[in-house]
Amino acid sequence: MKILEQRALRGPNRYSRYPTIFMLLDIEEFEEQPSDTIPGFPERLMQLIPSLYNHQCSVGEPGGFLQRLQRGTWAGHIVEHIALEAQCLAGMEVGFGKTFNTETTGVYKVVYRYRVESAGLRAGQAAVALFEAVACERPFEIETLIAELKELRENDMLGPSTHSIVEEAKRRGIPTQRLNADSHIQLGYGIKQRHIQATLTDQTSALGVEIADEKFRTKLLLRQAGIPAPEGALVSSLSEIKQAAERIGFPVAIKPEVGNHGRGITARVSSVKELETAFMSAWTVCESVIVEKSLTGFDFRVLVINGKLVAAALREPAHVIGEGISSIGQLIEMTNADPRRGIGHERVLTTITVDTMTLRLLTLKGFTVDDVLPENEKLYLKSTANLSTGGTARDVTDEVHQDVRLMCERIARLIGMDCIGIDIVAPGLQQPLNSESAGVVEVNAAPGFRMHLDPTEGKARNVAGPFVEMLFPSTVNFDVPIIAVTGTNGKTTTSKLIAHALKYSGKNVGLAGTTGIEIDGLTITAGDYSGPEGARVVLREPTVDHAVLEVARGGIIRRGLGFEDCHIGILLNVDEDHIGTDGVEDLDDLALVKSTVIEVVRPSGFSILNADDAVVVGLKDRAGGAVIYFSLDSENVTVTQHLTEGGTAVVLEGDDVIIRSNGPPVRVLSILDAPITLRGIVTFNTANVLAAVAALHGLGMAVNTIRNGISTFHPSATQNPGRMNIIDFVTFKVILDYGHNVPAINALGAALPQISNGRKIVIAHGTGNRTDDNIREFGAALASVYDHIIVADIDPRNRVLGETPELVKSGALETGFSETEIEIIIDPLQAIDRAFSIVQPGDLIMVQVDEVAPMLKHVMKHFKNNVPRSEGKFSSQSESIKIPK
């Protein structure tokens, strides 16, 4: 078998709302060998992965997948199930998977959910290898694979604290984005966003973190405030620590002044010999070392969030208890056999490892791992009680005395931390702390939540709840509306029109699309950003209060959407473009890809659908939120039915744009006052206006504000570059437009005769990533509209330079177009020069643009050289266009 393509779809996609791995798999000779024809295959696979029995598959009950194997199913389907189960066995529970045929025999699309991208990709690759091993009766080390996936999980998966915060945010409808490979997370979008790194927040005091990191400084501050903390000294040499220990009195605790995760800490040092070892352990972490009185009691962690105590746990370091027979190493193995223990954070408890800290503690006690531990003797294997090193925790939140509660909340304010972990050693927390026997030994910035979320014993505490509430109070609206626009044609114009209207109403808008990214009307980066990365850039922008996102087919197919849901989803049209590429085999496939945008509209939002497009209307049941139709025909049957059912529609009645619903009709404006329609001539832009009005109405914008926005948006090179930009050369006109597919050419063909009654000359180019037939059809469409065709080669993609223009030419000639009226000039700027050399009074030159700026600049060079300043008009407002009578 061969993996032809594999990628992670990181957002909602054509297959699932969840992150999904896509794999294009050629099963080669196994196309002729379903599972029931391979002797012993089901039995060998089940023996290797017994848990596959739990897969219900389409049968709908445990054992269902086994039944499919026995009846006969194909390799792609089996690989899907193996990839899912391998992730589950590695502690990443996933369930969704699906396998699809393609038009190529033996090639399948295999999709399955993942939780950690690196592990999901690896699981698919390993699933193919495992299938082949089972089919060919070769050995396969499943344990090695699971260990590898676990390692990827631990390296790349969010830790339990960060994960709990992200999940709590999602439960509250707050979107999240991971900003790096670690735990830096953005919660919310745009102007409403907040940032965390683990349990640090963007409002955590930097000074508070510094104080918490300096343990000696912390204790001085606490003692000055009357809070019990053990007496101690700060030293930097062996002689100093010996003097301090003798003054304080053994036993003492030794710790680096700055450090974390228990590194370099030794508790209950009882002799000078132990003191030397403990000092060197701490000194290697930080050259300033604390020696302090060891307190006798239990180790407690108290968590304070936003000034309130939310949880407390009694912690105990990793340990074993002797029975007089087994060695310490054997006792560790027996302890790790507890099914509650696993690698890293996969289970409630973590596997105990024998590391440098463990060996040091054994040495201090005079043991090795091979020694037998006496019966009933408890041996601590770590200096600290961190769950991540094998410790245990029991929830004691309800046992905390009111005085202790108030003391901890005071500490949070004294240190200046919004989220703080306070470590206390005491006989218990049921009574106020006695400074002789109890005290605060440390405070922690970015405290872990795991011991509270999933304690070894006692009640679990959802501490992520108050954490997220601190950042996003329930009384505050955290929404940044997302308006997502898709369709075969008109996406850019509609997106820019909506963004303009929002900006004109006082909003700070982020816009991502095929011409680049704009923030508050300023282009911050040029290029095609109609994919998920453009969306993410806009949604990360801290000044944006509304996001308008153009969503192209390619981005959805290759990476999924760049957002989880949207407030407004617009589907303008679905026409035959890109058919035969990227797995899109027909119009239905294309429709399903584009419908992703309306499927993720939130229940309180609106799906804006073109009632004049039968394919779009057929997708209504996939649309989220409430549907608002738009139509150029006020008598449209779909609209009429929708209105009788209590729906809303935006329609063109005569020249008026009307919002119709249950109440009286609302006139928005005359289409003649919408500049991008050229006084109603350009019907495809009239449809775009209707879609924009519907979207703005869905956002709750007042009618007069919508009117102002629509009537001040012009098809100029500044407001809408490359979209019907008209330059009047006095005796002839030039139009720059992006229209790059057959539906766009046909739509222009209806408008151009009303703009100019002379010859129509076009500088056009095909797009190399279309199929040969698509490119020929493009040439045929040009032939039906234009009198003279000049074909350049701006976008060859993977084709040889000049190949695409030849296909365009052949498509035009097949219609009977005159060979003398079509020419190929590879360089687009030379093609423009050629058009200007043959243009006659009354003619119109149409320039199909790709990158607007260089082509516009070249056209304007001709304008400056050939048109007197007093006569020429570089404008695209309707007043500059004289409509033939």
# chains A, B, ... in the order shown; residues from 1 in each chain; ligands from 1
>>> residues_around(residues="Glu80 in chain A", least_positions_apart="5", cutoff="12 Å", atoms="only C-alpha atoms", output="JSON, numbers by chain")
{"A": [20, 21, 22, 23, 24, 25, 52, 55, 57, 65, 73, 74, 75, 85, 86, 87, 94, 95, 96, 97, 98, 99, 100, 108, 109, 110, 111, 112, 113, 114, 120, 121, 123, 124, 125, 126, 127, 128, 130, 131]}
>>> select_by_dssp(residues="range 244-391 of chain A", states="strand (DSSP E or B)", output="JSON, numbers by chain")
{"A": [252, 253, 254, 255, 256, 266, 267, 268, 269, 289, 290, 291, 292, 293, 298, 299, 300, 301, 302, 303, 304, 305, 308, 309, 310, 311, 312, 313, 314, 315, 316, 319, 320, 321, 327, 341, 342, 349, 350, 372, 378, 379, 380]}
>>> closest_residue(among="A:Ser383, A:Thr176, A:Thr705, A:Thr201", to="Leu362 in chain A", atoms="only C-alpha atoms")
A:Ser383
>>> residues_around(residues="range 133-140 of chain A", least_positions_apart="6", cutoff="8 Å", atoms="only C-alpha atoms", output="number ranges by chain")
A: 38, 41, 44-45
>>> atom_distance(atom1="CA of Asp621 in chain A", atom2="CA of Asp575 in chain A")
19.3 Å
>>> residues_around(residues="range 766-773 of chain A", least_positions_apart="6", cutoff="9 Å", atoms="only C-alpha atoms", output="list of chain:residue names")
A:Asp577, A:His578, A:Ile579, A:Gly580, A:Thr581, A:His740, A:Asn741, A:Gly779, A:Val791, A:Ala792, A:Asp793, A:Ile794, A:Asp795, A:Pro796, A:Arg797, A:Asn798, A:Arg799, A:Glu803, A:Thr804, A:Pro805, A:Leu807, A:Val808, A:Gly811
>>> write_last_selection(atoms="N, CA and C atoms", output="compact mmCIF listing (two decimals), in the first residue's frame")
# COMPACT_ATOMS: atom_id res chain seq x y z
N ASP A 577 -16.44 24.92 -10.81
CA ASP A 577 -15.08 25.44 -10.83
C ASP A 577 -14.23 24.53 -9.94
N HIS A 578 -13.03 24.24 -10.36
CA HIS A 578 -12.13 23.34 -9.62
C HIS A 578 -12.63 21.89 -9.62
N ILE A 579 -13.60 21.57 -10.45
CA ILE A 579 -14.04 20.18 -10.52
C ILE A 579 -12.89 19.32 -11.05
N GLY A 580 -12.68 18.16 -10.41
CA GLY A 580 -11.62 17.28 -10.83
C GLY A 580 -10.29 17.53 -10.14
N THR A 581 -10.26 18.46 -9.18
CA THR A 581 -9.04 18.73 -8.42
C THR A 581 -9.31 18.59 -6.93
N HIS A 740 -12.07 34.70 -13.02
CA HIS A 740 -11.10 33.73 -13.49
C HIS A 740 -11.71 32.37 -13.83
N ASN A 741 -13.04 32.28 -13.88
CA ASN A 741 -13.66 30.99 -14.18
C ASN A 741 -14.85 31.21 -15.11
N GLY A 779 -11.57 28.82 -22.12
CA GLY A 779 -11.32 29.43 -23.42
C GLY A 779 -12.59 29.58 -24.23
N VAL A 791 -3.94 35.78 -24.63
CA VAL A 791 -3.79 34.85 -23.51
C VAL A 791 -2.37 34.95 -22.97
N ALA A 792 -2.26 35.28 -21.68
CA ALA A 792 -0.98 35.31 -20.99
C ALA A 792 -0.85 34.03 -20.13
N ASP A 793 0.24 33.93 -19.44
CA ASP A 793 0.42 32.77 -18.54
C ASP A 793 0.91 33.27 -17.19
N ILE A 794 -0.04 33.71 -16.37
CA ILE A 794 0.30 34.29 -15.07
C ILE A 794 0.37 33.24 -13.98
N ASP A 795 -0.45 32.19 -14.13
CA ASP A 795 -0.61 31.24 -13.03
C ASP A 795 -0.44 29.80 -13.53
N PRO A 796 0.80 29.41 -13.93
CA PRO A 796 0.98 28.08 -14.52
C PRO A 796 0.90 26.94 -13.51
N ARG A 797 1.10 27.23 -12.21
CA ARG A 797 1.17 26.20 -11.17
C ARG A 797 2.21 25.16 -11.56
N ASN A 798 1.82 23.89 -11.71
CA ASN A 798 2.81 22.85 -12.00
C ASN A 798 2.96 22.57 -13.50
N ARG A 799 2.34 23.37 -14.32
CA ARG A 799 2.43 23.15 -15.76
C ARG A 799 3.65 23.86 -16.36
N GLU A 803 1.87 26.10 -21.51
CA GLU A 803 0.94 24.98 -21.69
C GLU A 803 -0.50 25.42 -21.46
N THR A 804 -0.74 26.18 -20.41
CA THR A 804 -2.10 26.62 -20.09
C THR A 804 -2.67 27.51 -21.20
N PRO A 805 -1.92 28.54 -21.69
CA PRO A 805 -2.48 29.35 -22.79
C PRO A 805 -2.86 28.54 -24.02
N LEU A 807 -4.01 25.52 -24.06
CA LEU A 807 -5.29 24.88 -23.78
C LEU A 807 -6.44 25.87 -23.88
N VAL A 808 -6.22 27.11 -23.37
CA VAL A 808 -7.24 28.15 -23.48
C VAL A 808 -7.54 28.42 -24.95
N GLY A 811 -9.56 25.70 -26.60
CA GLY A 811 -10.96 25.76 -26.18
C GLY A 811 -11.74 26.82 -26.93
>>> closest_residue(among="A:Arg194, A:His452, A:Lys809, A:Lys293", to="Leu314 in chain A", atoms="only C-alpha atoms")
A:His452
>>> residues_around(residues="Asp371 in chain A", least_positions_apart="3", cutoff="12 Å", atoms="only C-alpha atoms", output="compact mmCIF listing (two decimals) with N, CA, C and O atoms, in the first residue's frame")
# COMPACT_ATOMS: atom_id res chain seq x y z
N GLY A 322 7.50 -1.25 52.89
CA GLY A 322 8.15 -2.55 52.91
C GLY A 322 7.27 -3.65 53.47
O GLY A 322 6.38 -3.40 54.28
N GLY A 324 9.20 -6.69 54.01
CA GLY A 324 10.26 -7.56 54.52
C GLY A 324 10.72 -8.63 53.57
O GLY A 324 11.55 -9.46 53.93
N ILE A 325 10.19 -8.64 52.31
CA ILE A 325 10.55 -9.69 51.36
C ILE A 325 11.11 -9.08 50.07
O ILE A 325 12.16 -9.49 49.58
N SER A 326 10.38 -8.11 49.53
CA SER A 326 10.72 -7.56 48.22
C SER A 326 11.76 -6.45 48.34
O SER A 326 11.82 -5.71 49.32
N SER A 327 12.56 -6.32 47.25
CA SER A 327 13.52 -5.22 47.20
C SER A 327 12.78 -3.92 46.92
O SER A 327 11.61 -3.92 46.49
N ILE A 328 13.47 -2.81 47.12
CA ILE A 328 12.87 -1.50 46.84
C ILE A 328 12.49 -1.41 45.37
O ILE A 328 11.40 -0.91 45.02
N GLY A 329 13.35 -1.89 44.49
CA GLY A 329 13.04 -1.88 43.06
C GLY A 329 11.79 -2.68 42.75
O GLY A 329 10.94 -2.28 41.95
N GLN A 330 11.63 -3.85 43.40
CA GLN A 330 10.44 -4.67 43.18
C GLN A 330 9.20 -4.00 43.73
O GLN A 330 8.12 -4.07 43.13
N LEU A 331 9.34 -3.31 44.88
CA LEU A 331 8.21 -2.58 45.45
C LEU A 331 7.75 -1.47 44.52
O LEU A 331 6.54 -1.21 44.37
N LEU A 362 17.78 7.58 48.47
CA LEU A 362 18.16 6.24 48.91
C LEU A 362 19.54 6.26 49.57
O LEU A 362 19.76 5.62 50.62
N THR A 363 20.45 7.02 48.98
CA THR A 363 21.80 7.11 49.54
C THR A 363 21.78 7.73 50.93
O THR A 363 22.47 7.26 51.86
N LYS A 365 19.48 7.54 53.03
CA LYS A 365 18.91 6.57 53.98
C LYS A 365 19.75 5.30 54.07
O LYS A 365 19.41 4.38 54.82
N GLY A 366 20.82 5.22 53.26
CA GLY A 366 21.69 4.05 53.31
C GLY A 366 21.15 2.87 52.53
O GLY A 366 21.49 1.72 52.83
N PHE A 367 20.29 3.13 51.54
CA PHE A 367 19.69 2.04 50.76
C PHE A 367 20.18 2.07 49.31
O PHE A 367 20.66 3.10 48.80
N THR A 368 19.99 0.93 48.62
CA THR A 368 20.04 0.86 47.16
C THR A 368 18.72 0.25 46.71
O THR A 368 17.96 -0.30 47.52
N PRO A 374 12.47 -3.13 55.19
CA PRO A 374 11.85 -3.81 56.34
C PRO A 374 10.33 -3.69 56.33
O PRO A 374 9.76 -2.74 55.78
N LEU A 379 9.14 4.35 52.77
CA LEU A 379 10.32 4.99 52.19
C LEU A 379 9.87 5.97 51.11
O LEU A 379 9.25 5.57 50.12
>>> atom_distance(atom1="CA of Arg178 in chain A", atom2="CA of Gly510 in chain A")
19.8 Å
>>> closest_residue(among="A:Gly709, A:Gly249, A:Pro447, A:Gly680", to="Leu652 in chain A", atoms="only C-alpha atoms")
A:Gly680
>>> residues_around(residues="Val468 in chain A", least_positions_apart="4", cutoff="7 Å", atoms="only C-alpha atoms", output="list of chain:residue names")
A:Ile165, A:Ala169, A:Ala464, A:Phe472
>>> residues_around(residues="Ala687 in chain A", least_positions_apart="4", cutoff="8 Å", atoms="only C-alpha atoms", output="PDB file with N, CA, C and O atoms, in the first residue's frame")
ATOM      1  N   PHE A 630     -31.565  35.538   0.026  1.00  0.00           N
ATOM      2  CA  PHE A 630     -31.543  36.749  -0.793  1.00  0.00           C
ATOM      3  C   PHE A 630     -31.821  36.346  -2.232  1.00  0.00           C
ATOM      4  O   PHE A 630     -31.490  35.234  -2.664  1.00  0.00           O
ATOM      5  N   SER A 631     -32.464  37.253  -2.978  1.00  0.00           N
ATOM      6  CA  SER A 631     -32.869  36.918  -4.341  1.00  0.00           C
ATOM      7  C   SER A 631     -33.037  38.180  -5.167  1.00  0.00           C
ATOM      8  O   SER A 631     -33.505  39.223  -4.680  1.00  0.00           O
ATOM      9  N   LEU A 632     -32.657  38.073  -6.458  1.00  0.00           N
ATOM     10  CA  LEU A 632     -32.902  39.155  -7.419  1.00  0.00           C
ATOM     11  C   LEU A 632     -34.349  39.164  -7.883  1.00  0.00           C
ATOM     12  O   LEU A 632     -34.790  40.095  -8.551  1.00  0.00           O
ATOM     13  N   THR A 683     -25.266  42.745 -12.506  1.00  0.00           N
ATOM     14  CA  THR A 683     -26.231  42.014 -11.676  1.00  0.00           C
ATOM     15  C   THR A 683     -25.546  41.122 -10.639  1.00  0.00           C
ATOM     16  O   THR A 683     -26.097  40.892  -9.560  1.00  0.00           O
ATOM     17  N   ALA A 691     -26.741  40.050  -0.504  1.00  0.00           N
ATOM     18  CA  ALA A 691     -26.141  39.168   0.504  1.00  0.00           C
ATOM     19  C   ALA A 691     -25.566  39.984   1.657  1.00  0.00           C
ATOM     20  O   ALA A 691     -25.712  39.614   2.836  1.00  0.00           O
TER      21      ALA A 691
END
>>> closest_residue(among="A:Thr296, A:Ser435, A:Asn489, A:Asn508", to="Asn746 in chain A", atoms="only C-alpha atoms")
A:Asn489
>>> select_by_dssp(residues="range 448-652 of chain A", states="helix (DSSP H, G or I)", output="ChimeraX atom specification")
/A:450-453,464-471,491-504,532-540,553-559,587-594,596-599,614-617,620-622,637-644
>>> closest_residue(among="A:Arg68, A:Cys408, A:Arg17, A:Ile608", to="Glu564 in chain A", atoms="only C-alpha atoms")
A:Arg17
>>> closest_residue(among="A:Val302, A:Val651, A:Ala694, A:Ile681", to="Ile628 in chain A", atoms="only C-alpha atoms")
A:Ala694
